[in-house]
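Below: query_39.txt (compact mmCIF, C-alpha atoms and all ligand atoms)
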```txt
# COMPACT_ATOMS: atom_id res chain seq x y z
CA MET A 1 0.00 0.00 0.00
CA ASP A 2 1.11 3.53 -0.78
CA LEU A 3 2.47 5.30 2.33
CA PHE A 4 0.05 8.22 1.88
CA ASP A 5 -2.90 5.83 1.69
CA LYS A 6 -1.61 4.15 4.82
CA LEU A 7 -1.40 7.52 6.62
CA LYS A 8 -4.91 8.35 5.47
CA GLU A 9 -6.21 5.07 6.85
CA LEU A 10 -4.24 5.57 10.08
CA ARG A 11 -5.79 9.02 10.45
CA GLN A 12 -9.35 7.79 9.97
CA ASN A 13 -8.96 4.75 12.24
CA GLY A 14 -7.34 6.90 14.93
CA LEU A 15 -10.15 9.45 14.91
CA ASP A 16 -12.74 6.63 15.07
CA GLU A 17 -11.00 5.08 18.08
CA ILE A 18 -10.86 8.40 19.91
CA LYS A 19 -14.58 8.81 19.29
CA LYS A 20 -15.29 5.33 20.69
CA ALA A 21 -13.31 5.80 23.93
CA SER A 22 -16.01 6.05 26.57
CA ASP A 23 -14.00 6.76 29.72
CA GLU A 24 -10.68 8.19 30.84
CA LYS A 25 -8.95 4.82 31.09
CA LYS A 26 -9.93 3.81 27.56
CA LEU A 27 -8.90 7.22 26.26
CA ASN A 28 -5.42 6.87 27.80
CA GLU A 29 -4.98 3.50 26.12
CA VAL A 30 -5.96 5.07 22.79
CA ARG A 31 -3.52 7.95 23.40
CA VAL A 32 -0.62 5.52 23.95
CA GLU A 33 -1.60 3.56 20.86
CA LEU A 34 -1.92 6.64 18.58
CA VAL A 35 0.78 9.06 19.70
CA GLY A 36 2.96 7.04 22.15
CA LYS A 37 6.58 6.01 21.66
CA LYS A 38 5.59 2.72 20.08
CA SER A 39 2.77 4.10 17.96
CA GLU A 40 2.46 3.60 14.20
CA LEU A 41 3.22 7.31 13.63
CA THR A 42 6.47 7.14 15.61
CA ASN A 43 7.43 4.02 13.72
CA ILE A 44 7.00 5.82 10.42
CA LEU A 45 9.20 8.70 11.59
CA HIS A 46 11.87 6.27 12.76
CA SER A 47 11.93 4.42 9.44
CA MET A 48 12.12 7.59 7.32
CA LYS A 49 15.26 6.33 5.61
CA GLU A 50 13.17 3.75 3.80
CA VAL A 51 11.11 6.54 2.30
CA ALA A 52 12.11 7.95 -1.06
CA PRO A 53 14.11 11.17 -0.34
CA GLU A 54 11.76 13.41 -2.37
CA GLN A 55 8.79 12.23 -0.28
CA ARG A 56 10.42 12.54 3.15
CA ARG A 57 9.47 16.15 3.73
CA GLU A 58 5.86 15.60 2.79
CA VAL A 59 5.60 12.39 4.84
CA GLY A 60 7.16 14.15 7.84
CA GLN A 61 4.68 17.03 7.53
CA LYS A 62 1.76 14.62 7.16
CA VAL A 63 2.81 12.59 10.23
CA ASN A 64 3.13 15.75 12.35
CA GLU A 65 -0.18 17.00 11.07
CA ILE A 66 -1.90 13.74 11.99
CA ARG A 67 -0.25 13.66 15.41
CA ASP A 68 -1.40 17.26 16.12
CA LEU A 69 -4.87 16.30 14.98
CA PHE A 70 -4.88 13.24 17.24
CA ASN A 71 -3.64 15.30 20.19
CA SER A 72 -6.30 17.96 19.79
CA HIS A 73 -9.04 15.33 19.41
CA LEU A 74 -7.68 13.40 22.39
CA ASN A 75 -7.74 16.57 24.52
CA ALA A 76 -11.24 17.48 23.40
CA ALA A 77 -12.42 13.93 24.15
CA LYS A 78 -10.82 14.09 27.57
CA ASP A 79 -12.60 17.37 28.39
CA GLU A 80 -15.86 15.87 27.23
CA ILE A 81 -15.43 12.74 29.39
CA LEU A 82 -14.53 14.83 32.46
CA ALA A 83 -17.54 17.06 31.90
CA LYS A 84 -19.75 13.98 31.75
CA VAL A 85 -18.27 12.59 34.97
CA ILE A 86 -18.88 15.88 36.77
CA ALA A 87 -22.39 16.17 35.39
CA LYS A 88 -23.18 12.64 36.56
CA LYS A 89 -21.81 13.34 40.01
CA MET A 90 -23.80 16.57 40.25
CA GLU A 91 -26.95 14.73 39.26
CA GLU A 92 -26.35 12.04 41.88
CA GLU A 93 -25.66 14.55 44.60
CA ARG A 94 -28.37 16.94 43.60
CA ILE A 95 -30.29 18.43 46.50
CA ASP A 96 -33.73 19.75 45.83
CA VAL A 97 -34.15 22.40 48.47
CA THR A 98 -37.80 22.82 47.55
CA LEU A 99 -38.72 19.26 48.64
CA PRO A 100 -40.63 19.14 51.92
CA GLY A 101 -38.56 17.71 54.81
CA ARG A 102 -39.06 14.15 55.93
CA LYS A 103 -40.61 14.05 59.37
CA GLY A 104 -39.13 11.65 61.90
CA HIS A 105 -41.65 9.33 63.52
CA LEU A 106 -42.27 10.64 67.00
CA GLY A 107 -43.44 8.42 69.80
CA SER A 108 -46.12 9.49 72.21
CA LYS A 109 -46.18 9.69 75.96
CA HIS A 110 -47.78 6.71 77.67
CA PRO A 111 -51.23 7.66 79.03
CA ILE A 112 -50.18 6.64 82.56
CA ASN A 113 -47.15 8.92 82.29
CA ILE A 114 -49.34 11.78 81.09
CA ILE A 115 -51.43 11.44 84.26
CA LEU A 116 -48.35 10.83 86.41
CA ASP A 117 -46.47 13.91 85.16
CA ASP A 118 -49.57 16.03 85.52
CA LEU A 119 -50.20 14.88 89.11
CA GLU A 120 -46.56 15.25 90.12
CA ASN A 121 -46.60 18.85 88.90
CA PHE A 122 -49.86 19.41 90.71
CA PHE A 123 -48.46 18.15 94.03
CA ILE A 124 -45.10 19.88 93.62
CA GLY A 125 -47.09 23.09 93.16
CA MET A 126 -48.64 22.47 96.59
CA GLY A 127 -45.25 21.97 98.25
CA TYR A 128 -45.06 18.17 98.15
CA LYS A 129 -41.84 16.38 97.35
CA VAL A 130 -41.82 13.39 95.00
CA VAL A 131 -40.19 10.28 96.42
CA GLN A 132 -39.46 6.95 94.77
CA GLY A 133 -38.46 3.69 96.40
CA PRO A 134 -37.52 0.16 95.34
CA GLU A 135 -40.02 -2.14 93.59
CA VAL A 136 -38.49 -5.15 95.31
CA GLU A 137 -39.19 -4.22 98.92
CA THR A 138 -38.95 -5.87 102.29
CA ASP A 139 -41.90 -7.21 104.21
CA HIS A 140 -40.77 -4.85 106.95
CA TYR A 141 -41.37 -1.64 104.98
CA VAL A 142 -44.40 -2.73 102.94
CA PHE A 143 -46.33 -4.34 105.79
CA GLU A 144 -44.92 -4.25 109.29
CA MET A 145 -44.16 -0.50 109.30
CA MET A 146 -47.67 0.04 107.92
CA ASN A 147 -49.31 -1.54 110.95
CA LEU A 148 -49.60 -4.94 109.28
CA PRO A 149 -47.69 -7.44 111.41
CA LYS A 150 -47.07 -10.88 109.96
CA ASP A 151 -50.24 -12.48 111.36
CA HIS A 152 -52.53 -9.59 110.38
CA PRO A 153 -55.62 -10.82 108.52
CA ALA A 154 -55.74 -7.70 106.32
CA ARG A 155 -52.62 -8.94 104.55
CA ASP A 156 -55.00 -11.15 102.61
CA MET A 157 -56.44 -7.97 101.03
CA GLN A 158 -53.31 -7.84 98.92
CA ALA A 159 -52.27 -11.06 97.22
CA THR A 160 -48.53 -10.54 97.20
CA PHE A 161 -45.68 -11.92 95.09
CA TYR A 162 -43.10 -13.07 97.64
CA ILE A 163 -39.50 -13.56 96.54
CA ASP A 164 -38.52 -15.13 99.86
CA ASP A 165 -39.75 -14.77 103.46
CA GLU A 166 -38.54 -11.19 103.77
CA ASN A 167 -38.50 -9.80 100.20
CA LEU A 168 -41.41 -9.21 97.88
CA LEU A 169 -42.61 -7.30 94.84
CA ARG A 170 -44.28 -4.43 96.61
CA SER A 171 -48.06 -4.62 96.63
CA GLN A 172 -48.34 -0.96 97.62
CA THR A 173 -46.00 2.02 97.55
CA SER A 174 -46.35 2.60 101.30
CA GLY A 175 -42.79 1.42 101.83
CA ASP A 176 -41.61 4.72 100.36
CA GLN A 177 -43.64 6.57 102.98
CA ALA A 178 -42.20 4.53 105.83
CA ARG A 179 -38.65 5.09 104.62
CA VAL A 180 -39.15 8.87 104.39
CA LEU A 181 -41.14 9.09 107.60
CA GLU A 182 -38.50 7.43 109.79
CA LYS A 183 -35.81 9.81 108.45
CA HIS A 184 -37.80 13.04 108.44
CA ASP A 185 -36.57 15.83 110.69
CA PHE A 186 -39.74 17.60 111.91
CA SER A 187 -37.76 20.47 113.38
CA LYS A 188 -37.24 21.55 109.77
CA GLY A 189 -40.94 21.54 108.90
CA PRO A 190 -43.84 19.26 108.05
CA LEU A 191 -43.59 16.21 105.83
CA LYS A 192 -45.47 16.45 102.53
CA MET A 193 -44.70 13.80 99.97
CA VAL A 194 -46.13 11.75 97.15
CA GLY A 195 -44.66 8.41 96.14
CA PRO A 196 -45.62 7.21 92.67
CA GLY A 197 -44.59 3.80 91.42
CA LYS A 198 -45.42 0.40 90.05
CA VAL A 199 -46.99 -2.17 92.36
CA TYR A 200 -47.71 -5.87 91.91
CA ARG A 201 -50.55 -8.16 92.99
CA ARG A 202 -51.20 -11.82 92.38
CA ASP A 203 -54.26 -11.26 90.23
CA ASP A 204 -55.48 -13.01 87.12
CA ASP A 205 -55.33 -10.43 84.36
CA ASP A 206 -58.54 -9.49 82.62
CA ALA A 207 -60.13 -6.27 81.37
CA THR A 208 -60.37 -4.82 84.88
CA HIS A 209 -57.59 -6.64 86.78
CA SER A 210 -53.87 -6.49 86.28
CA HIS A 211 -50.90 -8.08 88.06
CA GLN A 212 -49.16 -4.70 87.87
CA PHE A 213 -50.38 -1.15 88.04
CA MET A 214 -49.26 2.33 89.03
CA GLN A 215 -50.06 3.82 92.38
CA MET A 216 -49.41 7.18 93.87
CA GLU A 217 -49.50 7.52 97.61
CA GLY A 218 -49.49 10.79 99.46
CA LEU A 219 -48.53 11.53 103.03
CA VAL A 220 -48.79 14.73 105.04
CA ILE A 221 -47.57 14.79 108.65
CA ASP A 222 -47.43 17.81 110.93
CA LYS A 223 -48.90 19.15 114.13
CA ASN A 224 -52.64 19.91 114.10
CA ILE A 225 -53.56 18.21 110.84
CA THR A 226 -57.24 17.37 110.77
CA MET A 227 -59.70 15.44 108.69
CA SER A 228 -60.82 18.67 107.05
CA ASP A 229 -57.28 19.16 105.70
CA LEU A 230 -57.61 15.73 104.12
CA LYS A 231 -61.03 16.52 102.70
CA GLY A 232 -59.81 19.82 101.23
CA THR A 233 -56.83 18.09 99.62
CA LEU A 234 -58.98 15.31 98.15
CA GLU A 235 -61.37 17.90 96.75
CA LEU A 236 -58.48 19.67 95.01
CA ILE A 237 -57.26 16.37 93.52
CA ALA A 238 -60.75 15.47 92.24
CA LYS A 239 -61.29 18.86 90.65
CA HIS A 240 -57.81 18.92 89.14
CA VAL A 241 -58.16 15.52 87.51
CA PHE A 242 -61.85 15.30 86.70
CA GLY A 243 -62.91 18.92 86.33
CA GLN A 244 -63.71 21.96 88.46
CA ASP A 245 -67.44 21.14 88.66
CA ARG A 246 -66.87 17.84 90.44
CA GLU A 247 -68.15 17.16 93.89
CA ILE A 248 -66.79 14.54 96.22
CA ARG A 249 -68.24 12.34 98.89
CA LEU A 250 -66.42 10.34 101.53
CA ARG A 251 -67.58 6.92 102.65
CA PRO A 252 -66.21 5.12 105.71
CA SER A 253 -63.81 2.35 104.82
CA TYR A 254 -61.04 0.25 106.32
CA PHE A 255 -57.28 0.29 105.79
CA PRO A 256 -54.87 -1.02 108.43
CA PHE A 257 -52.61 2.06 108.15
CA THR A 258 -55.25 4.76 108.56
CA GLU A 259 -57.90 5.47 111.19
CA PRO A 260 -60.47 6.64 110.34
CA SER A 261 -60.33 5.49 106.73
CA VAL A 262 -62.43 6.70 103.81
CA GLU A 263 -63.17 5.94 100.19
CA MET A 264 -63.63 8.98 98.00
CA ASP A 265 -66.24 9.08 95.27
CA VAL A 266 -66.39 11.82 92.70
CA SER A 267 -69.62 12.94 91.04
CA CYS A 268 -69.80 11.34 87.60
CA PHE A 269 -68.09 13.55 85.01
CA LYS A 270 -69.97 11.84 82.20
CA CYS A 271 -73.58 12.24 83.30
CA ASN A 272 -73.08 14.89 85.99
CA GLY A 273 -74.74 12.69 88.58
CA LYS A 274 -77.83 11.69 86.61
CA GLY A 275 -76.64 8.10 86.19
CA CYS A 276 -74.89 6.35 83.30
CA ALA A 277 -72.91 3.20 82.46
CA ILE A 278 -69.63 4.67 83.73
CA CYS A 279 -71.00 5.39 87.20
CA LYS A 280 -73.14 2.25 87.10
CA TYR A 281 -76.21 4.52 87.37
CA THR A 282 -75.27 5.76 90.85
CA GLY A 283 -74.05 9.19 89.81
CA TRP A 284 -70.78 8.59 91.71
CA ILE A 285 -67.45 7.03 90.78
CA GLU A 286 -65.09 5.54 93.36
CA VAL A 287 -61.61 6.96 92.74
CA LEU A 288 -59.34 6.59 95.77
CA GLY A 289 -58.82 5.57 99.37
CA ALA A 290 -57.51 7.77 102.16
CA GLY A 291 -57.53 8.35 105.89
CA MET A 292 -55.86 9.79 108.95
CA VAL A 293 -52.52 8.08 109.55
CA HIS A 294 -52.78 5.36 112.21
CA PRO A 295 -50.80 6.20 115.38
CA ASN A 296 -49.03 2.82 115.10
CA VAL A 297 -47.58 3.82 111.71
CA LEU A 298 -46.15 6.99 113.28
CA GLU A 299 -44.80 5.20 116.32
CA ASN A 300 -43.24 2.46 114.13
CA ALA A 301 -41.26 5.19 112.39
CA GLY A 302 -40.24 6.78 115.69
CA VAL A 303 -42.62 9.73 115.41
CA ASP A 304 -44.50 10.78 118.56
CA SER A 305 -48.17 10.23 117.70
CA ASN A 306 -49.24 12.44 120.61
CA VAL A 307 -47.58 15.43 118.94
CA TYR A 308 -47.78 14.65 115.23
CA GLY A 309 -50.52 13.40 113.01
CA GLY A 310 -51.59 13.59 109.44
CA PHE A 311 -53.31 12.00 106.51
CA ALA A 312 -52.48 9.64 103.70
CA PHE A 313 -54.12 8.85 100.40
CA GLY A 314 -53.49 6.34 97.68
CA LEU A 315 -54.71 6.58 94.15
CA GLY A 316 -54.47 4.25 91.18
CA LEU A 317 -53.03 5.99 88.14
CA ASP A 318 -54.40 3.24 85.86
CA ARG A 319 -57.87 3.83 87.26
CA PHE A 320 -57.52 7.58 86.73
CA ALA A 321 -56.37 6.99 83.14
CA ILE A 322 -59.21 4.54 82.49
CA LEU A 323 -61.76 7.06 83.71
CA LYS A 324 -60.17 10.08 82.06
CA TYR A 325 -59.59 8.49 78.64
CA GLY A 326 -62.44 5.99 78.57
CA VAL A 327 -60.09 3.01 78.27
CA THR A 328 -62.04 -0.24 78.41
CA ASP A 329 -59.25 -2.76 79.05
CA ILE A 330 -56.56 -2.20 81.69
CA ARG A 331 -54.24 -4.59 79.82
CA ASP A 332 -53.91 -1.99 77.05
CA PHE A 333 -51.63 -0.05 79.40
CA TYR A 334 -48.90 -2.68 79.44
CA THR A 335 -49.26 -4.65 76.20
CA ASN A 336 -47.93 -1.52 74.46
CA ASP A 337 -49.77 -1.81 71.18
CA VAL A 338 -48.56 1.25 69.27
CA ARG A 339 -52.03 1.78 67.76
CA PHE A 340 -53.39 2.21 71.28
CA LEU A 341 -50.56 4.41 72.49
CA GLU A 342 -50.57 6.66 69.40
CA GLN A 343 -54.03 7.92 70.29
CA PHE A 344 -52.49 9.86 73.14
CA ARG A 345 -50.14 11.85 70.94
CA LYS A 346 -50.70 15.53 71.33
CA GLU A 347 -51.57 17.54 68.23
CA GLU A 348 -48.42 19.68 68.49
CA ASP A 349 -46.22 16.56 68.42
ZN ZN B 401 -72.50 8.71 85.24
```
Written as structure tokens, that's how I'd like the structure from this file.
Amino acid sequence: MDLFDKLKELRQNGLDEIKKASDEKKLNEVRVELVGKKSELTNILHSMKEVAPEQRREVGQKVNEIRDLFNSHLNAAKDEILAKVIAKKMEEERIDVTLPGRKGHLGSKHPINIILDDLENFFIGMGYKVVQGPEVETDHYVFEMMNLPKDHPARDMQATFYIDDENLLRSQTSGDQARVLEKHDFSKGPLKMVGPGKVYRRDDDDATHSHQFMQMEGLVIDKNITMSDLKGTLELIAKHVFGQDREIRLRPSYFPFTEPSVEMDVSCFKCNGKGCAICKYTGWIEVLGAGMVHPNVLENAGVDSNVYGGFAFGLGLDRFAILKYGVTDIRDFYTNDVRFLEQFRKEED
């Protein structure tokens, strides 16, 4: 083949290969092949002595021309490939600032905690301190300090989970009261406390019974505390939780740690006393137990019952939540079905 035809073919093939190179690596391979030290063009220059002398100048010019052409096409192709890479990267990392943000899924406060937090704030506002004790308690603090010696028949009122002879899952939060009471320094002022916490009873679970529930006990001890102080406090609790229009009534009751003892009913917030399913057509709903602290409880804690006295109350937070939110199955509080719990999410969440 004529050398000029060969150069022509070389030129065309080279340009085609540059066009086909799709990425930087391929393009570098093509560059080495077309204009590198071992390329066809370099070979032709090196074997110039085989070319007829009158053609050498023209061949040399042609070779340089083709090499310049290759170089400029190679550079243009390289720019094009780089531009594509950048464009692709930009597309992948594109941020559309006009898209609405993705909202994280927020949980909701447990209904019992809603009531608990609310009541704690309520009592703190009245000067009470909030005290918490152990859930695994001793028989001594749960029962004996509360005027329930080992042979006391009223122990049967609370079916208790015993761990051994002395330790148990507390069936009431009274142990917290006993612990605080025996340490309280009355020269520094009266004792006003609430003790919220989980308690356990050996009960078969159904819609209205649970082996665990939340209690909050309150204790106020000072000189000259009377039953009317208790009544006033209970009235405030009832109105705070169930509405300012509520009335209360106290019925005599029995607890080993208070004397006298009362049950408090609140006028039905659903029917306003006319009678409905919630109040079992009585117009009243039983909400808590209370009483004047038994002198034995004070003496057990080393407090002189001739000088000091006071009242105690215990309320079930589950019962409050059931009444307040119209929950029909107490088990919903601990089975933690998200569909149940989500209903208590506040609008602003
Ligand atoms: Zn009613």
Given 10 Å and only C-alpha atoms and all ligand atoms, residues near ligand ZN 401 (chain B) as JSON, numbers by chain
{"A": [267, 268, 269, 270, 271, 272, 273, 274, 275, 276, 277, 278, 279, 280, 281, 282, 283, 284, 285]}
Those same residues - C-alpha atoms - I'd like them written as a short mmCIF file (atom, residue, chain, number, x, y, z; two decimals), in the frame of the given file.
```cif
data_model
loop_
_atom_site.label_atom_id
_atom_site.label_comp_id
_atom_site.auth_asym_id
_atom_site.auth_seq_id
_atom_site.Cartn_x
_atom_site.Cartn_y
_atom_site.Cartn_z
CA SER A 267 -69.62 12.94 91.04
CA CYS A 268 -69.80 11.34 87.60
CA PHE A 269 -68.09 13.55 85.01
CA LYS A 270 -69.97 11.84 82.20
CA CYS A 271 -73.58 12.24 83.30
CA ASN A 272 -73.08 14.89 85.99
CA GLY A 273 -74.74 12.69 88.58
CA LYS A 274 -77.83 11.69 86.61
CA GLY A 275 -76.64 8.10 86.19
CA CYS A 276 -74.89 6.35 83.30
CA ALA A 277 -72.91 3.20 82.46
CA ILE A 278 -69.63 4.67 83.73
CA CYS A 279 -71.00 5.39 87.20
CA LYS A 280 -73.14 2.25 87.10
CA TYR A 281 -76.21 4.52 87.37
CA THR A 282 -75.27 5.76 90.85
CA GLY A 283 -74.05 9.19 89.81
CA TRP A 284 -70.78 8.59 91.71
CA ILE A 285 -67.45 7.03 90.78
#
```
Rank A:Asp118, A:Lys78, A:Ala312, A:His209 by their smallest atom-to-atom distance to Leu191 of chain A, using only C-alpha atoms, and report the top residue only.
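Using only C-alpha atoms, the shortest distance to Leu191 of chain A belongs to A:Ala312.
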Please identify all polymer residues within 8 Å of Met264 of chain A, counting all atoms listed in the file, omitting same-chain residues fewer than 4 positions from it, and present them as a ChimeraX atom specification.
/A:234,248-251,286-290
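Note that atom CA of Thr233 of chain A and atom CA of Gly127 of chain A are 12.3 Å apart.
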From the options A:Gln177, A:Gln343, A:Ser210, A:Thr335, which residue's atoms come nearest to Phe311 of chain A, counting only C-alpha atoms?
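Using only C-alpha atoms, Phe311 of chain A sits closest to A:Gln177.
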As JSON, numbers by chain, please: the residues near Asp318 of chain A (cut-off 12 Å, only C-alpha atoms, same-chain neighbours under 6 positions excluded).
{"A": [110, 111, 112, 113, 114, 115, 116, 196, 197, 198, 199, 207, 208, 209, 210, 212, 213, 214, 215, 216, 287, 288, 324, 325, 326, 327, 328, 329, 330, 331, 332, 333, 334]}
Export, as a PDB file, in the coordinates of the input, the selected residues with C-alpha atoms.
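part.pdb, written as the output of this step:
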```
ATOM      1  CA  HIS A 110     -47.780   6.710  77.670  1.00  0.00           C
ATOM      2  CA  PRO A 111     -51.230   7.660  79.030  1.00  0.00           C
ATOM      3  CA  ILE A 112     -50.180   6.640  82.560  1.00  0.00           C
ATOM      4  CA  ASN A 113     -47.150   8.920  82.290  1.00  0.00           C
ATOM      5  CA  ILE A 114     -49.340  11.780  81.090  1.00  0.00           C
ATOM      6  CA  ILE A 115     -51.430  11.440  84.260  1.00  0.00           C
ATOM      7  CA  LEU A 116     -48.350  10.830  86.410  1.00  0.00           C
ATOM      8  CA  PRO A 196     -45.620   7.210  92.670  1.00  0.00           C
ATOM      9  CA  GLY A 197     -44.590   3.800  91.420  1.00  0.00           C
ATOM     10  CA  LYS A 198     -45.420   0.400  90.050  1.00  0.00           C
ATOM     11  CA  VAL A 199     -46.990  -2.170  92.360  1.00  0.00           C
ATOM     12  CA  ALA A 207     -60.130  -6.270  81.370  1.00  0.00           C
ATOM     13  CA  THR A 208     -60.370  -4.820  84.880  1.00  0.00           C
ATOM     14  CA  HIS A 209     -57.590  -6.640  86.780  1.00  0.00           C
ATOM     15  CA  SER A 210     -53.870  -6.490  86.280  1.00  0.00           C
ATOM     16  CA  GLN A 212     -49.160  -4.700  87.870  1.00  0.00           C
ATOM     17  CA  PHE A 213     -50.380  -1.150  88.040  1.00  0.00           C
ATOM     18  CA  MET A 214     -49.260   2.330  89.030  1.00  0.00           C
ATOM     19  CA  GLN A 215     -50.060   3.820  92.380  1.00  0.00           C
ATOM     20  CA  MET A 216     -49.410   7.180  93.870  1.00  0.00           C
ATOM     21  CA  VAL A 287     -61.610   6.960  92.740  1.00  0.00           C
ATOM     22  CA  LEU A 288     -59.340   6.590  95.770  1.00  0.00           C
ATOM     23  CA  LYS A 324     -60.170  10.080  82.060  1.00  0.00           C
ATOM     24  CA  TYR A 325     -59.590   8.490  78.640  1.00  0.00           C
ATOM     25  CA  GLY A 326     -62.440   5.990  78.570  1.00  0.00           C
ATOM     26  CA  VAL A 327     -60.090   3.010  78.270  1.00  0.00           C
ATOM     27  CA  THR A 328     -62.040  -0.240  78.410  1.00  0.00           C
ATOM     28  CA  ASP A 329     -59.250  -2.760  79.050  1.00  0.00           C
ATOM     29  CA  ILE A 330     -56.560  -2.200  81.690  1.00  0.00           C
ATOM     30  CA  ARG A 331     -54.240  -4.590  79.820  1.00  0.00           C
ATOM     31  CA  ASP A 332     -53.910  -1.990  77.050  1.00  0.00           C
ATOM     32  CA  PHE A 333     -51.630  -0.050  79.400  1.00  0.00           C
ATOM     33  CA  TYR A 334     -48.900  -2.680  79.440  1.00  0.00           C
TER      34      TYR A 334
END
```
Around the point (6.1, 7.6, -0.2) in the file's coordinates, collect all residues with an atom within 7 Å, using only C-alpha atoms, and return them as a PyMOL selection string.
chain A and resi 2-4+51-52+55+59
Pull C-alpha atoms from the residues just selected and write them as a compact mmCIF listing (two decimals), in the coordinates of the input.
```
# COMPACT_ATOMS: atom_id res chain seq x y z
CA ASP A 2 1.11 3.53 -0.78
CA LEU A 3 2.47 5.30 2.33
CA PHE A 4 0.05 8.22 1.88
CA VAL A 51 11.11 6.54 2.30
CA ALA A 52 12.11 7.95 -1.06
CA GLN A 55 8.79 12.23 -0.28
CA VAL A 59 5.60 12.39 4.84
```
Segment 24-32 of chain A environment, 9 Å, all atoms listed in the file, sequence neighbours closer than 4 positions dropped, as a list in words
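The contact residues come out as Gly14, Glu17, Ile18, Lys20, Gly36, Lys37, Lys38, Ser39, Phe70, Asn71, Leu74, Ala77, Lys78, Ile81 and Leu82 of chain A.
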One decimal, in Å: what's the spacing between atom CA of His73 of chain A and atom CA of His46 of chain A?
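Between atom CA of His73 of chain A and atom CA of His46 of chain A the gap is 23.7 Å.
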Take segment 157-168 of chain A from the block and save it with N, CA, C and O atoms, as an mmCIF file, in the first residue's frame.
```cif
data_model
loop_
_atom_site.group_PDB
_atom_site.id
_atom_site.type_symbol
_atom_site.label_atom_id
_atom_site.label_comp_id
_atom_site.auth_asym_id
_atom_site.auth_seq_id
_atom_site.Cartn_x
_atom_site.Cartn_y
_atom_site.Cartn_z
ATOM 1 N N MET A 157 -55.848 -8.928 101.966
ATOM 2 C CA MET A 157 -56.441 -7.967 101.028
ATOM 3 C C MET A 157 -55.530 -7.775 99.815
ATOM 4 O O MET A 157 -55.964 -7.346 98.763
ATOM 5 N N GLN A 158 -54.251 -8.048 100.005
ATOM 6 C CA GLN A 158 -53.307 -7.844 98.922
ATOM 7 C C GLN A 158 -52.569 -9.145 98.641
ATOM 8 O O GLN A 158 -51.680 -9.521 99.385
ATOM 9 N N ALA A 159 -52.971 -9.835 97.595
ATOM 10 C CA ALA A 159 -52.275 -11.064 97.218
ATOM 11 C C ALA A 159 -50.900 -10.687 96.694
ATOM 12 O O ALA A 159 -50.784 -10.000 95.684
ATOM 13 N N THR A 160 -49.872 -11.075 97.442
ATOM 14 C CA THR A 160 -48.530 -10.540 97.195
ATOM 15 C C THR A 160 -47.601 -11.569 96.547
ATOM 16 O O THR A 160 -47.678 -12.750 96.859
ATOM 17 N N PHE A 161 -46.740 -11.080 95.653
ATOM 18 C CA PHE A 161 -45.678 -11.924 95.091
ATOM 19 C C PHE A 161 -44.499 -11.901 96.061
ATOM 20 O O PHE A 161 -43.796 -10.892 96.157
ATOM 21 N N TYR A 162 -44.275 -12.997 96.765
ATOM 22 C CA TYR A 162 -43.102 -13.070 97.645
ATOM 23 C C TYR A 162 -41.909 -13.618 96.884
ATOM 24 O O TYR A 162 -42.037 -14.536 96.080
ATOM 25 N N ILE A 163 -40.731 -13.040 97.137
ATOM 26 C CA ILE A 163 -39.504 -13.564 96.536
ATOM 27 C C ILE A 163 -38.880 -14.566 97.510
ATOM 28 O O ILE A 163 -38.471 -15.652 97.143
ATOM 29 N N ASP A 164 -38.832 -14.188 98.786
ATOM 30 C CA ASP A 164 -38.523 -15.132 99.862
ATOM 31 C C ASP A 164 -39.284 -14.634 101.085
ATOM 32 O O ASP A 164 -40.183 -13.803 100.957
ATOM 33 N N ASP A 165 -38.955 -15.132 102.270
ATOM 34 C CA ASP A 165 -39.751 -14.773 103.458
ATOM 35 C C ASP A 165 -39.752 -13.274 103.735
ATOM 36 O O ASP A 165 -40.729 -12.727 104.241
ATOM 37 N N GLU A 166 -38.662 -12.598 103.390
ATOM 38 C CA GLU A 166 -38.543 -11.193 103.769
ATOM 39 C C GLU A 166 -38.716 -10.225 102.587
ATOM 40 O O GLU A 166 -39.103 -9.074 102.762
ATOM 41 N N ASN A 167 -38.449 -10.704 101.360
ATOM 42 C CA ASN A 167 -38.497 -9.804 100.198
ATOM 43 C C ASN A 167 -39.680 -10.106 99.287
ATOM 44 O O ASN A 167 -40.066 -11.266 99.117
ATOM 45 N N LEU A 168 -40.220 -9.049 98.697
ATOM 46 C CA LEU A 168 -41.407 -9.214 97.875
ATOM 47 C C LEU A 168 -41.466 -8.126 96.810
ATOM 48 O O LEU A 168 -40.762 -7.119 96.888
#
```
